[in-house]
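Novice: The structure is given below, and queries will be raised subsequently.
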Amino acid sequence: GSATRGVVIGRELTKRYEAYFRGTVAEALAACGGGGGEAPVTLPLKGEFTVVLAPCEGAGRVSPAEGEGAESLEQRIARELLSEAPPPLNKLSKTLSQEYGLRKRDVYKTILDLTEDPDRLRGIDEAAVRTEPER
């Protein structure tokens with residue numbers, strides 16, 4: 001859940017009383033005195049803060065589609081590249097980055113990695129075909 005998501009909080013960055021906190025969201029809440037418990041406040045809510053959250057668990061690993069039929073990014077790339085009329089790599093990376101909520105350059109790198117290893121590309125596609133549910 002979101003309480004176990006990683007977080008880094010920087011307080012008063014580049015100033016004399018600069019402080020950092022690393023932990024989970026739940027631990028950060030407790031450190032700021034918002035946990036309702038008896039834990040001491042180790043990160044007073046004064047001054048300027050910078051908060052950095054870790055990515056959500058599983059983010060970007062499968063398509064936005066829910067359920068059993070969800071297609072992984074690599075499966076989708078393999079299917080597109082092995083089609084009769086594969087799209088240009090730049091266009092494919094743009095489309096997939098939007099669909100999967102990933103950075104375009106990360107998707108493009110994955111595409112390049114797969115195009116450099118045609119056996120792996122075909123293996124991913126064949127595995128996807130074997131696991132497709134019957135209609």
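For the structure tokens, the naming scheme is as follows: chains receive sequential letters (A, B, ...) according to their order of presentation, residues are indexed from 1 within each chain, and ligands are indexed from 1 in presentation order.
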For Val7 in chain A, list every protein, DNA or RNA residue within 8 Å, evaluated using only C-alpha atoms, and leave out those in the same chain fewer than 5 positions away; present the list as a list of chain:residue names.
Specialist: A:Arg22, A:Gly23, A:Thr24, A:Val25, A:Ala28, A:Val51, A:Val52, A:Leu53, A:Ala54
Novice: Give me the residues within 10 Å of Tyr20 in chain A as a list in words, counting only C-alpha atoms and dropping any in the same chain fewer than 2 places off.
Specialist: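 Neighbouring residues, sequence-local ones excluded: Val8, Ile9, Gly10, Arg11, Glu12, Leu13, Glu18, Arg22, Leu43, Phe49, Thr50 and Val51 of chain A.
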Novice: Keeping N, CA, C and O atoms for every residue in the selection just given, could you write it to a file as a PDB file, in the first residue's frame?
Specialist:
```pdb
ATOM      1  N   VAL A   8      11.760  10.189   0.609  1.00  0.00           N
ATOM      2  CA  VAL A   8      12.884  10.957   1.144  1.00  0.00           C
ATOM      3  C   VAL A   8      12.379  12.381   1.310  1.00  0.00           C
ATOM      4  O   VAL A   8      11.776  12.948   0.401  1.00  0.00           O
ATOM      5  N   ILE A   9      12.603  12.943   2.496  1.00  0.00           N
ATOM      6  CA  ILE A   9      12.185  14.313   2.764  1.00  0.00           C
ATOM      7  C   ILE A   9      13.424  15.125   3.114  1.00  0.00           C
ATOM      8  O   ILE A   9      14.188  14.750   4.001  1.00  0.00           O
ATOM      9  N   GLY A  10      13.616  16.205   2.398  1.00  0.00           N
ATOM     10  CA  GLY A  10      14.712  17.128   2.692  1.00  0.00           C
ATOM     11  C   GLY A  10      14.121  18.400   3.281  1.00  0.00           C
ATOM     12  O   GLY A  10      13.168  18.952   2.745  1.00  0.00           O
ATOM     13  N   ARG A  11      14.676  18.846   4.390  1.00  0.00           N
ATOM     14  CA  ARG A  11      14.167  20.047   5.063  1.00  0.00           C
ATOM     15  C   ARG A  11      15.248  21.115   5.053  1.00  0.00           C
ATOM     16  O   ARG A  11      16.404  20.835   5.336  1.00  0.00           O
ATOM     17  N   GLU A  12      14.861  22.327   4.712  1.00  0.00           N
ATOM     18  CA  GLU A  12      15.768  23.480   4.710  1.00  0.00           C
ATOM     19  C   GLU A  12      17.039  23.191   3.901  1.00  0.00           C
ATOM     20  O   GLU A  12      18.161  23.387   4.370  1.00  0.00           O
ATOM     21  N   LEU A  13      16.846  22.716   2.665  1.00  0.00           N
ATOM     22  CA  LEU A  13      17.984  22.376   1.815  1.00  0.00           C
ATOM     23  C   LEU A  13      18.858  23.600   1.573  1.00  0.00           C
ATOM     24  O   LEU A  13      18.365  24.705   1.397  1.00  0.00           O
ATOM     25  N   GLU A  18      19.874  22.108   7.570  1.00  0.00           N
ATOM     26  CA  GLU A  18      19.483  21.110   6.575  1.00  0.00           C
ATOM     27  C   GLU A  18      19.338  19.745   7.242  1.00  0.00           C
ATOM     28  O   GLU A  18      20.178  19.348   8.050  1.00  0.00           O
ATOM     29  N   ARG A  22      14.726   9.496   5.546  1.00  0.00           N
ATOM     30  CA  ARG A  22      14.503   8.421   4.580  1.00  0.00           C
ATOM     31  C   ARG A  22      13.730   7.315   5.281  1.00  0.00           C
ATOM     32  O   ARG A  22      14.085   6.917   6.387  1.00  0.00           O
ATOM     33  N   LEU A  43      11.086  15.253  12.880  1.00  0.00           N
ATOM     34  CA  LEU A  43      11.105  16.100  11.693  1.00  0.00           C
ATOM     35  C   LEU A  43      10.028  17.172  11.861  1.00  0.00           C
ATOM     36  O   LEU A  43       8.911  17.029  11.389  1.00  0.00           O
ATOM     37  N   PHE A  49      10.336  22.243   2.588  1.00  0.00           N
ATOM     38  CA  PHE A  49      10.540  20.812   2.425  1.00  0.00           C
ATOM     39  C   PHE A  49      10.591  20.440   0.952  1.00  0.00           C
ATOM     40  O   PHE A  49       9.934  21.064   0.122  1.00  0.00           O
ATOM     41  N   THR A  50      11.357  19.409   0.662  1.00  0.00           N
ATOM     42  CA  THR A  50      11.329  18.770  -0.645  1.00  0.00           C
ATOM     43  C   THR A  50      11.018  17.309  -0.383  1.00  0.00           C
ATOM     44  O   THR A  50      11.695  16.660   0.411  1.00  0.00           O
ATOM     45  N   VAL A  51       9.976  16.800  -1.041  1.00  0.00           N
ATOM     46  CA  VAL A  51       9.537  15.423  -0.832  1.00  0.00           C
ATOM     47  C   VAL A  51       9.717  14.651  -2.132  1.00  0.00           C
ATOM     48  O   VAL A  51       9.266  15.093  -3.190  1.00  0.00           O
TER      49      VAL A  51
END
```
Novice: Might you pull out every residue within 10 Å of Arg122 in chain A, with only C-alpha atoms counted and same-chain residues fewer than 4 positions away left off, and present them as a list in words?
Specialist: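 So the residues in contact are Gln75, Ala78, Arg79, Leu81, Leu82, Leu114, Asp117, Pro118, Glu126, Ala127 and Ala128 of chain A.
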